[in-house]
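Asker: File name input_16.txt; file contents compact mmCIF, C-alpha atoms; full text below.
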# COMPACT_ATOMS: atom_id res chain seq x y z
CA MET N 1 1.82 47.77 6.33
CA PRO N 2 -0.52 44.77 6.11
CA PRO N 3 -3.69 45.08 8.18
CA GLU N 4 -2.91 41.96 10.27
CA THR N 5 0.43 40.77 11.65
CA LEU N 6 2.05 38.33 9.25
CA THR N 7 2.18 35.07 11.22
CA PRO N 8 3.48 31.70 9.95
CA GLU N 9 -0.09 30.40 10.24
CA ARG N 10 -1.45 33.15 7.94
CA ILE N 11 1.30 32.40 5.42
CA LEU N 12 0.50 28.68 5.51
CA GLU N 13 -3.21 29.34 5.02
CA ALA N 14 -2.45 31.51 2.01
CA THR N 15 -0.01 28.90 0.68
CA GLU N 16 -2.68 26.19 0.79
CA GLU N 17 -5.07 28.51 -1.02
CA VAL N 18 -2.45 29.32 -3.69
CA LEU N 19 -1.61 25.61 -4.11
CA ARG N 20 -5.30 24.88 -4.54
CA ARG N 21 -5.66 27.61 -7.16
CA TYR N 22 -2.48 27.10 -9.24
CA GLY N 23 -1.46 23.51 -8.44
CA PRO N 24 1.91 22.42 -7.06
CA ALA N 25 3.79 22.83 -10.36
CA LYS N 26 2.92 26.51 -10.81
CA ALA N 27 2.45 27.92 -7.29
CA THR N 28 5.28 30.29 -6.29
CA VAL N 29 6.29 32.23 -3.20
CA VAL N 30 5.47 35.42 -5.13
CA ASP N 31 1.87 34.16 -5.54
CA VAL N 32 1.67 33.58 -1.78
CA ALA N 33 3.05 37.06 -1.04
CA ARG N 34 0.61 38.62 -3.52
CA ALA N 35 -2.35 36.77 -1.93
CA LEU N 36 -1.31 38.22 1.44
CA GLY N 37 -0.60 41.71 0.09
CA VAL N 38 3.01 41.59 1.32
CA SER N 39 6.44 41.44 -0.34
CA HIS N 40 7.98 38.03 -0.99
CA GLY N 41 10.79 39.11 1.34
CA SER N 42 8.27 39.14 4.20
CA VAL N 43 7.33 35.55 3.42
CA TYR N 44 10.98 34.52 3.23
CA ARG N 45 11.55 36.03 6.70
CA HIS N 46 9.32 33.24 8.07
CA PHE N 47 10.21 30.44 5.62
CA ARG N 48 13.73 30.69 4.29
CA THR N 49 13.16 28.74 1.09
CA LYS N 50 10.29 27.69 -1.13
CA ALA N 51 11.04 24.07 -0.14
CA ALA N 52 10.77 24.96 3.58
CA LEU N 53 7.41 26.65 2.95
CA ARG N 54 6.09 23.67 1.04
CA GLU N 55 7.28 21.27 3.73
CA ALA N 56 5.64 23.38 6.45
CA VAL N 57 2.29 23.51 4.65
CA THR N 58 2.41 19.73 4.16
CA GLU N 59 3.23 19.21 7.82
CA ARG N 60 0.29 21.41 8.80
CA TRP N 61 -2.01 19.35 6.58
CA LEU N 62 -0.79 16.06 8.09
CA ASN N 63 -0.97 17.48 11.62
CA ARG N 64 -4.67 18.19 11.23
CA THR N 65 -5.15 14.41 11.26
CA SER N 66 -2.76 13.66 14.12
CA GLU N 67 -4.27 16.41 16.30
CA GLN N 68 -7.74 14.97 15.78
CA LEU N 69 -6.46 11.53 16.77
CA SER N 70 -4.56 12.75 19.82
CA ALA N 71 -7.91 13.56 21.46
CA ILE N 72 -8.71 9.82 21.37
CA VAL N 73 -5.34 9.00 22.97
CA ALA N 74 -6.07 11.48 25.77
CA ALA N 75 -9.70 10.33 26.26
CA GLU N 76 -11.07 8.21 29.11
CA GLY N 77 -12.19 4.62 28.57
CA PRO N 78 -10.78 1.12 28.06
CA ALA N 79 -7.78 0.88 25.73
CA PRO N 80 -9.38 -1.64 23.32
CA ASP N 81 -12.24 0.81 22.71
CA ARG N 82 -9.86 3.68 22.20
CA LEU N 83 -7.71 1.64 19.80
CA ASP N 84 -10.83 0.78 17.86
CA ARG N 85 -11.91 4.43 17.70
CA TRP N 86 -8.42 5.61 16.85
CA LEU N 87 -8.10 3.24 13.87
CA THR N 88 -11.60 4.10 12.68
CA ALA N 89 -10.91 7.84 13.01
CA LEU N 90 -7.62 7.53 11.09
CA PHE N 91 -9.35 5.71 8.24
CA GLU N 92 -12.22 8.23 8.20
CA ALA N 93 -9.87 11.21 8.24
CA LYS N 94 -7.79 9.89 5.34
CA ARG N 95 -10.85 8.83 3.38
CA HIS N 96 -12.37 12.29 3.78
CA LYS N 97 -9.18 14.03 2.77
CA ALA N 98 -8.98 11.92 -0.38
CA GLY N 99 -12.68 11.96 -1.25
CA ASP N 100 -13.88 15.43 -0.29
CA ASP N 101 -11.25 17.42 -2.13
CA PRO N 102 -9.42 15.09 -4.54
CA GLU N 103 -7.48 17.93 -6.21
CA LEU N 104 -6.05 19.21 -2.95
CA PHE N 105 -5.29 15.61 -1.97
CA ALA N 106 -3.38 15.09 -5.23
CA THR N 107 -1.52 18.35 -4.60
CA TYR N 108 -0.40 17.17 -1.19
CA MET N 109 0.62 13.79 -2.61
CA THR N 110 2.95 15.70 -4.96
CA LEU N 111 4.37 17.73 -2.07
CA ILE N 112 4.86 14.57 -0.01
CA GLY N 113 6.82 13.08 -2.89
CA GLU N 114 9.18 16.08 -2.68
CA SER N 115 10.02 15.58 1.00
CA GLY N 116 10.24 12.22 2.72
CA GLY N 117 11.08 13.67 6.12
CA VAL N 118 7.69 15.19 6.74
CA VAL N 119 5.92 11.85 6.28
CA ASP N 120 8.45 10.04 8.46
CA ARG N 121 7.70 12.50 11.27
CA HIS N 122 3.96 12.03 10.77
CA VAL N 123 4.29 8.23 10.95
CA THR N 124 6.50 8.48 14.04
CA ASP N 125 3.88 10.71 15.65
CA LEU N 126 1.02 8.32 14.83
CA GLU N 127 2.98 5.28 16.03
CA ALA N 128 3.73 7.10 19.31
CA GLN N 129 -0.02 7.70 19.77
CA LEU N 130 -0.73 4.02 19.12
CA THR N 131 2.04 3.03 21.54
CA ALA N 132 0.42 5.16 24.29
CA ILE N 133 -2.94 3.40 23.81
CA ILE N 134 -1.34 -0.06 23.72
CA GLU N 135 0.72 0.69 26.84
CA ALA N 136 -2.46 1.74 28.62
CA GLY N 137 -4.05 -1.55 27.50
CA VAL N 138 -1.14 -3.54 28.91
CA THR N 139 -1.47 -1.67 32.23
CA GLU N 140 -5.20 -2.42 32.28
CA GLY N 141 -4.43 -6.10 31.63
CA ALA N 142 -6.47 -6.01 28.39
CA PHE N 143 -3.53 -6.27 25.97
CA HIS N 144 -0.65 -8.72 26.07
CA THR N 145 2.50 -7.82 24.22
CA PRO N 146 6.15 -7.77 25.25
CA SER N 147 6.81 -4.52 23.35
CA PRO N 148 4.07 -1.89 22.92
CA PRO N 149 6.14 0.13 20.38
CA THR N 150 6.67 -2.99 18.23
CA ALA N 151 2.99 -3.87 18.49
CA ALA N 152 2.05 -0.28 17.62
CA ARG N 153 4.20 -0.33 14.52
CA ALA N 154 2.70 -3.71 13.53
CA VAL N 155 -0.84 -2.35 13.94
CA PHE N 156 0.06 0.72 11.90
CA ASN N 157 1.66 -1.34 9.13
CA ALA N 158 -1.15 -3.90 9.10
CA THR N 159 -3.76 -1.17 8.55
CA GLY N 160 -1.91 0.54 5.69
CA ARG N 161 -4.69 -0.37 3.27
CA PHE N 162 -6.91 1.99 5.27
CA HIS N 163 -4.64 4.98 5.66
CA ASP N 164 -1.82 4.82 3.13
CA PRO N 165 -2.49 7.17 0.18
CA CYS N 166 -1.36 4.49 -2.30
CA TYR N 167 -4.70 2.79 -1.51
CA ALA N 168 -6.84 5.92 -1.90
CA PRO N 169 -8.52 4.56 -5.07
CA GLU N 170 -9.77 1.56 -3.01
CA TRP N 171 -11.44 3.70 -0.36
CA SER N 172 -14.64 4.08 -2.34
CA SER N 173 -14.93 0.30 -2.93
CA PRO N 174 -18.22 -1.19 -1.64
CA THR N 175 -16.35 -3.81 0.41
CA ILE N 176 -13.84 -1.47 2.05
CA SER N 177 -15.78 -1.07 5.33
CA ASP N 178 -16.11 -4.85 5.76
CA ASP N 179 -12.44 -5.25 4.91
CA PHE N 180 -11.54 -2.67 7.51
CA GLU N 181 -13.71 -4.31 10.21
CA ALA N 182 -12.12 -7.69 9.55
CA VAL N 183 -8.55 -6.40 9.84
CA ARG N 184 -9.33 -4.30 12.91
CA GLU N 185 -10.96 -7.27 14.69
CA LEU N 186 -8.12 -9.61 13.87
CA LEU N 187 -5.57 -7.11 15.20
CA LEU N 188 -7.55 -6.48 18.38
CA ARG N 189 -7.74 -10.21 18.96
CA GLY N 190 -4.00 -10.43 18.37
CA LEU N 191 -3.44 -7.88 21.14
CA THR N 192 -5.97 -9.24 23.63
CA GLY N 193 -5.40 -12.95 22.94
CA MET F 1 7.06 -24.40 -40.86
CA PRO F 2 8.66 -23.57 -37.51
CA PRO F 3 10.93 -26.28 -36.12
CA GLU F 4 8.84 -26.70 -32.94
CA THR F 5 5.07 -26.64 -32.58
CA LEU F 6 3.88 -23.15 -31.75
CA THR F 7 2.31 -23.53 -28.29
CA PRO F 8 0.80 -20.76 -26.13
CA GLU F 9 3.63 -21.35 -23.66
CA ARG F 10 6.29 -20.74 -26.34
CA ILE F 11 4.51 -17.56 -27.41
CA LEU F 12 4.35 -16.33 -23.81
CA GLU F 13 8.04 -17.04 -23.26
CA ALA F 14 8.91 -15.08 -26.38
CA THR F 15 6.56 -12.28 -25.33
CA GLU F 16 8.31 -11.91 -21.99
CA GLU F 17 11.67 -11.80 -23.78
CA VAL F 18 10.40 -9.15 -26.20
CA LEU F 19 8.93 -7.09 -23.36
CA ARG F 20 12.24 -7.28 -21.55
CA ARG F 21 14.12 -6.17 -24.65
CA TYR F 22 11.86 -3.38 -25.96
CA GLY F 23 9.81 -2.37 -22.90
CA PRO F 24 6.02 -2.36 -22.68
CA ALA F 25 5.57 0.84 -24.72
CA LYS F 26 7.37 -0.45 -27.82
CA ALA F 27 6.89 -4.24 -27.80
CA THR F 28 4.52 -5.40 -30.56
CA VAL F 29 2.99 -8.69 -31.68
CA VAL F 30 5.15 -8.47 -34.82
CA ASP F 31 8.25 -8.45 -32.58
CA VAL F 32 6.98 -11.58 -30.84
CA ALA F 33 6.29 -13.32 -34.15
CA ARG F 34 9.73 -12.34 -35.45
CA ALA F 35 11.42 -13.70 -32.30
CA LEU F 36 9.63 -17.02 -32.90
CA GLY F 37 10.26 -17.06 -36.65
CA VAL F 38 6.53 -17.23 -37.41
CA SER F 39 3.98 -14.88 -38.97
CA HIS F 40 2.02 -12.56 -36.70
CA GLY F 41 -1.11 -14.41 -37.92
CA SER F 42 0.19 -17.54 -36.16
CA VAL F 43 0.48 -15.63 -32.91
CA TYR F 44 -3.02 -14.18 -33.33
CA ARG F 45 -4.41 -17.71 -33.77
CA HIS F 46 -3.50 -18.32 -30.10
CA PHE F 47 -4.08 -14.83 -28.71
CA ARG F 48 -6.76 -12.91 -30.54
CA THR F 49 -5.57 -9.43 -29.62
CA LYS F 50 -2.43 -7.73 -28.40
CA ALA F 51 -4.29 -6.98 -25.15
CA ALA F 52 -5.15 -10.68 -24.68
CA LEU F 53 -1.49 -11.61 -25.21
CA ARG F 54 -0.31 -9.01 -22.71
CA GLU F 55 -2.89 -10.16 -20.19
CA ALA F 56 -1.87 -13.80 -20.63
CA VAL F 57 1.82 -13.07 -20.13
CA THR F 58 1.01 -11.07 -16.98
CA GLU F 59 -1.13 -13.90 -15.67
CA ARG F 60 1.71 -16.35 -16.28
CA TRP F 61 4.10 -14.09 -14.37
CA LEU F 62 1.70 -13.82 -11.41
CA ASN F 63 0.95 -17.55 -11.50
CA ARG F 64 4.62 -18.35 -10.97
CA THR F 65 4.15 -16.97 -7.45
CA SER F 66 0.82 -18.64 -6.72
CA GLU F 67 2.06 -22.03 -7.95
CA GLN F 68 5.05 -21.82 -5.64
CA LEU F 69 2.75 -21.00 -2.74
CA SER F 70 0.24 -23.74 -3.52
CA ALA F 71 2.90 -26.32 -2.57
CA ILE F 72 2.76 -24.94 0.99
CA VAL F 73 -1.04 -25.21 1.03
CA ALA F 74 -0.76 -28.86 -0.04
CA ALA F 75 2.07 -29.69 2.39
CA GLU F 76 1.81 -31.67 5.63
CA GLY F 77 2.17 -30.02 9.03
CA PRO F 78 0.26 -27.82 11.48
CA ALA F 79 -1.70 -24.95 9.92
CA PRO F 80 0.00 -22.18 11.95
CA ASP F 81 3.40 -23.30 10.61
CA ARG F 82 2.08 -23.45 7.09
CA LEU F 83 0.48 -19.99 7.39
CA ASP F 84 3.79 -18.67 8.64
CA ARG F 85 5.69 -20.27 5.74
CA TRP F 86 3.10 -19.16 3.21
CA LEU F 87 3.28 -15.49 4.27
CA THR F 88 7.09 -15.60 4.35
CA ALA F 89 7.22 -17.24 0.92
CA LEU F 90 4.83 -14.64 -0.55
CA PHE F 91 6.97 -11.80 0.76
CA GLU F 92 10.18 -13.46 -0.46
CA ALA F 93 8.73 -14.14 -3.91
CA LYS F 94 7.55 -10.55 -4.37
CA ARG F 95 10.75 -9.11 -2.97
CA HIS F 96 12.81 -11.21 -5.36
CA LYS F 97 10.68 -10.28 -8.33
CA ALA F 98 11.09 -6.59 -7.51
CA GLY F 99 14.77 -6.71 -6.53
CA ASP F 100 16.35 -9.25 -8.88
CA ASP F 101 15.06 -7.82 -12.14
CA PRO F 102 13.70 -4.31 -11.47
CA GLU F 103 13.18 -3.53 -15.17
CA LEU F 104 11.04 -6.59 -15.79
CA PHE F 105 9.16 -5.81 -12.57
CA ALA F 106 8.46 -2.27 -13.78
CA THR F 107 7.32 -3.69 -17.11
CA TYR F 108 4.82 -5.98 -15.40
CA MET F 109 3.62 -3.11 -13.22
CA THR F 110 2.77 -1.26 -16.43
CA LEU F 111 0.94 -4.29 -17.84
CA ILE F 112 -0.96 -4.72 -14.57
CA GLY F 113 -2.09 -1.12 -14.83
CA GLU F 114 -3.60 -1.95 -18.23
CA SER F 115 -5.75 -4.81 -16.94
CA GLY F 116 -7.34 -4.91 -13.51
CA GLY F 117 -8.95 -8.32 -14.05
CA VAL F 118 -5.75 -10.29 -14.02
CA VAL F 119 -4.75 -8.93 -10.59
CA ASP F 120 -8.24 -9.54 -9.20
CA ARG F 121 -7.97 -13.20 -10.23
CA HIS F 122 -4.50 -13.43 -8.67
CA VAL F 123 -5.75 -11.98 -5.37
CA THR F 124 -8.78 -14.30 -5.42
CA ASP F 125 -6.44 -17.23 -5.97
CA LEU F 126 -4.12 -16.23 -3.11
CA GLU F 127 -7.04 -15.60 -0.75
CA ALA F 128 -8.42 -19.06 -1.59
CA GLN F 129 -5.07 -20.60 -0.67
CA LEU F 130 -5.06 -18.70 2.63
CA THR F 131 -8.64 -19.79 3.29
CA ALA F 132 -7.63 -23.45 2.83
CA ILE F 133 -4.83 -23.12 5.40
CA ILE F 134 -7.06 -21.27 7.88
CA GLU F 135 -9.85 -23.85 7.46
CA ALA F 136 -7.34 -26.60 8.19
CA GLY F 137 -6.28 -24.66 11.30
CA VAL F 138 -9.89 -24.42 12.49
CA THR F 139 -10.31 -28.18 11.97
CA GLU F 140 -7.12 -28.80 13.95
CA GLY F 141 -8.43 -26.57 16.75
CA ALA F 142 -5.45 -24.22 16.37
CA PHE F 143 -7.32 -21.28 14.82
CA HIS F 144 -10.53 -19.70 16.01
CA THR F 145 -12.53 -17.68 13.54
CA PRO F 146 -16.21 -17.73 12.55
CA SER F 147 -15.36 -17.22 8.86
CA PRO F 148 -12.12 -18.54 7.35
CA PRO F 149 -12.64 -16.63 4.06
CA THR F 150 -13.10 -13.34 5.97
CA ALA F 151 -10.06 -14.08 8.12
CA ALA F 152 -8.06 -15.00 5.00
CA ARG F 153 -8.94 -11.70 3.33
CA ALA F 154 -8.03 -9.84 6.54
CA VAL F 155 -4.64 -11.59 6.70
CA PHE F 156 -4.01 -10.79 3.04
CA ASN F 157 -4.99 -7.14 3.44
CA ALA F 158 -3.03 -6.75 6.68
CA THR F 159 0.17 -7.98 5.00
CA GLY F 160 -0.12 -5.70 1.95
CA ARG F 161 3.03 -3.84 2.98
CA PHE F 162 4.92 -7.09 2.30
CA HIS F 163 3.42 -8.09 -1.02
CA ASP F 164 1.71 -5.13 -2.65
CA PRO F 165 3.90 -3.63 -5.40
CA CYS F 166 3.10 -0.09 -4.20
CA TYR F 167 5.46 -0.88 -1.29
CA ALA F 168 8.26 -2.33 -3.43
CA PRO F 169 10.59 0.63 -2.62
CA GLU F 170 10.29 -0.27 1.10
CA TRP F 171 11.40 -3.88 0.62
CA SER F 172 15.08 -3.01 0.79
CA SER F 173 14.65 -1.04 4.05
CA PRO F 174 16.84 -2.36 6.91
CA THR F 175 13.79 -2.67 9.22
CA ILE F 176 11.51 -4.49 6.78
CA SER F 177 12.22 -8.00 8.12
CA ASP F 178 11.47 -6.94 11.70
CA ASP F 179 8.34 -5.15 10.50
CA PHE F 180 7.22 -8.29 8.72
CA GLU F 181 7.87 -10.52 11.76
CA ALA F 182 5.86 -8.19 14.00
CA VAL F 183 2.82 -8.14 11.70
CA ARG F 184 2.96 -11.88 11.08
CA GLU F 185 3.14 -12.65 14.81
CA LEU F 186 0.28 -10.31 15.63
CA LEU F 187 -1.92 -11.89 12.95
CA LEU F 188 -1.07 -15.43 14.07
CA ARG F 189 -1.99 -14.48 17.63
CA GLY F 190 -5.22 -13.00 16.33
CA LEU F 191 -6.10 -16.34 14.71
CA THR F 192 -5.00 -18.58 17.58
CA GLY F 193 -6.14 -16.32 20.46
What does this structure look like when you write it as structure tokens?

Answerer:
Amino acid sequence: MPPETLTPERILEATEEVLRRYGPAKATVVDVARALGVSHGSVYRHFRTKAALREAVTERWLNRTSEQLSAIVAAEGPAPDRLDRWLTALFEAKRHKAGDDPELFATYMTLIGESGGVVDRHVTDLEAQLTAIIEAGVTEGAFHTPSPPTAARAVFNATGRFHDPCYAPEWSSPTISDDFEAVRELLLRGLTG
Amino acid sequence: MPPETLTPERILEATEEVLRRYGPAKATVVDVARALGVSHGSVYRHFRTKAALREAVTERWLNRTSEQLSAIVAAEGPAPDRLDRWLTALFEAKRHKAGDDPELFATYMTLIGESGGVVDRHVTDLEAQLTAIIEAGVTEGAFHTPSPPTAARAVFNATGRFHDPCYAPEWSSPTISDDFEAVRELLLRGLTG
């Protein structure tokens, strides 16, 4: 019997560690089970397929960002400030993920390529957070838009350069912070104007 | 002696044809010379290396878009209308390039990966066009921005989803036109507000 109860969270932690060690092409469920000192059957009791396990670990990785950001949605303060902080925090989070551990980032990019659904859910989640801030701004009288969800999606799409992984190589450019400021200001003016 | 004078333009036309036929991995300067019925030395008199030839043909391909757009910069009419038309025309041009001839598009994506400089010049060119429209808008009193070049770069960056090749797979999505409208409107309000 393993010393600790085998929870989904423990399996996902071990999976990330195994992915980091062997890379996405070689990592197997047997490696995960071995790292946990359990049989692969025990892992399959929680995640029915290798694909489901990989999707769950990717979702967990993406959720780390959305959970961080949800604190800004729930915070006090004027909506324009919170929108500003939210966009800045999203850019920072993605930039750190890409820059601090480029191998793990590349691993997750591979996993994301295997499953579109998990990214769609992440984007839906982030757009819902943006919608909540923009709705609050409309209530405060700070933002003017007929449709907060449409505006939220526009803000998300217009800031892709600063959160979409296809731009990760740009995030170390010396002009990227100025570029980000300029887009963020223009969008805020679009919402307040 | 070839029947027509061997001009750079004729060489570039033949190069595009050869790239289309053999793909970027196999196409050689000898193939281009053969297609023109000239020696490869004649081609090298105009383009000193294979890399220079590939860069020139890529530049010509990109310039087709910027030349189309420059007509909108030069046109009469209020700046907000022209900005609107310019952004729509850029999206349409890129979408057509990607959708109408996907193989040639993929070929040029490979060539672009070989030479960063040619894309940088293209982006500089497009941002200069945007700057001219935004400056006109400031003169007309329609746009309000302390720095037209900064605003132009922000508009260009914020519309990446609708012109950057990394998003080409999204351009056939059923929501892409609505997404484009929403971003364009938000940016226009940011400039006028």

Asker: May I have the residues within 9 Å of Thr7 of chain F as a list in words, using all atoms listed in the file and disregarding those fewer than 4 positions away in the same chain?

Answerer: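 That gives Ile11, Leu12 and His46 of chain F.
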
Asker: Report the distance between atom CA of Asp101 of chain F and atom CA of Ser66 of chain F in Å, rounded to one decimal place.

Answerer: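 Interatomic distance, atom CA of Asp101 of chain F to atom CA of Ser66 of chain F: 18.7 Å.
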
Asker: Interatomic distance between atom CA of Arg85 of chain F and atom CA of Ala132 of chain F?

Answerer: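 For atom CA of Arg85 of chain F relative to atom CA of Ala132 of chain F, the distance reads 14.0 Å.
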
Asker: Compare F:Val73, F:Ala35, F:Ile133, F:Ala14 by their minimum atom-to-atom distance to Val57 of chain F, counting all atoms listed in the file, and give me the closest one.

Answerer: F:Ala14

Asker: Could you list, as number ranges by chain, every residue of chain F that has an atom within 10 Å of an atom of chain N, counting only C-alpha atoms?

Answerer: F: 145, 150-162, 164, 166-167, 178-193

Asker: Measure the distance from atom CA of Val32 of chain F to atom CA of Glu55 of chain F in Å and round it to one decimal.

Answerer: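 If I compute the distance from atom CA of Val32 of chain F to atom CA of Glu55 of chain F, I get 14.6 Å.
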
Asker: Please provide the set of residues having any atom within 10 Å of Ser147 of chain F, restricted to only C-alpha atoms, with same-chain residues fewer than 5 positions apart removed, written as a PyMOL selection string.

Answerer: chain F and resi 131+134-135+138+152

Asker: With all atoms of segment 29-42 of chain F from the file as input, state the centre and edge lengths in Å to one decimal of the axis-aligned box that has 5 Å extra on each side, as lines of an AutoDock Vina configuration file.

Answerer:
center_x = 5.2
center_y = -13.0
center_z = -34.9
size_x = 22.5
size_y = 19.1
size_z = 18.1

Asker: Show me, as a VMD selection string, the residues that have an atom within 12 Å of segment 61-63 of chain N when counting all atoms listed in the file, minus same-chain residues fewer than 6 positions from it.

Answerer: chain N and resid 9 12 to 13 15 to 16 54 to 55 69 to 70 90 93 to 94 97 104 to 105 107 to 109 111 to 112 118 to 126 163

Asker: Contacts of Glu76 of chain F at 12 Å or less, counting only C-alpha atoms, minus same-chain residues fewer than 6 places along, as a ChimeraX atom specification?

Answerer: /F:82-83,133,136

Asker: Using all atoms listed in the file, find the one residue out of N:Ala98, N:Ala79, N:Ile176, N:Ala89 that sits nearest to Thr139 of chain N.

Answerer: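 Residue with the minimum atom-to-atom distance to Thr139 of chain N: N:Ala79.
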
Asker: Which neighbours of Pro169 of chain N fall inside 10 Å, counting only C-alpha atoms, when residues of the same chain fewer than 3 positions from it are skipped, and could you give them as an mmCIF file with C-alpha atoms, in the frame of the given file?

Answerer:
data_model
loop_
_atom_site.group_PDB
_atom_site.id
_atom_site.type_symbol
_atom_site.label_atom_id
_atom_site.label_comp_id
_atom_site.auth_asym_id
_atom_site.auth_seq_id
_atom_site.Cartn_x
_atom_site.Cartn_y
_atom_site.Cartn_z
ATOM 1 C CA ARG N 95 -10.850 8.830 3.380
ATOM 2 C CA ALA N 98 -8.980 11.920 -0.380
ATOM 3 C CA GLY N 99 -12.680 11.960 -1.250
ATOM 4 C CA PRO N 165 -2.490 7.170 0.180
ATOM 5 C CA CYS N 166 -1.360 4.490 -2.300
ATOM 6 C CA SER N 172 -14.640 4.080 -2.340
ATOM 7 C CA SER N 173 -14.930 0.300 -2.930
#
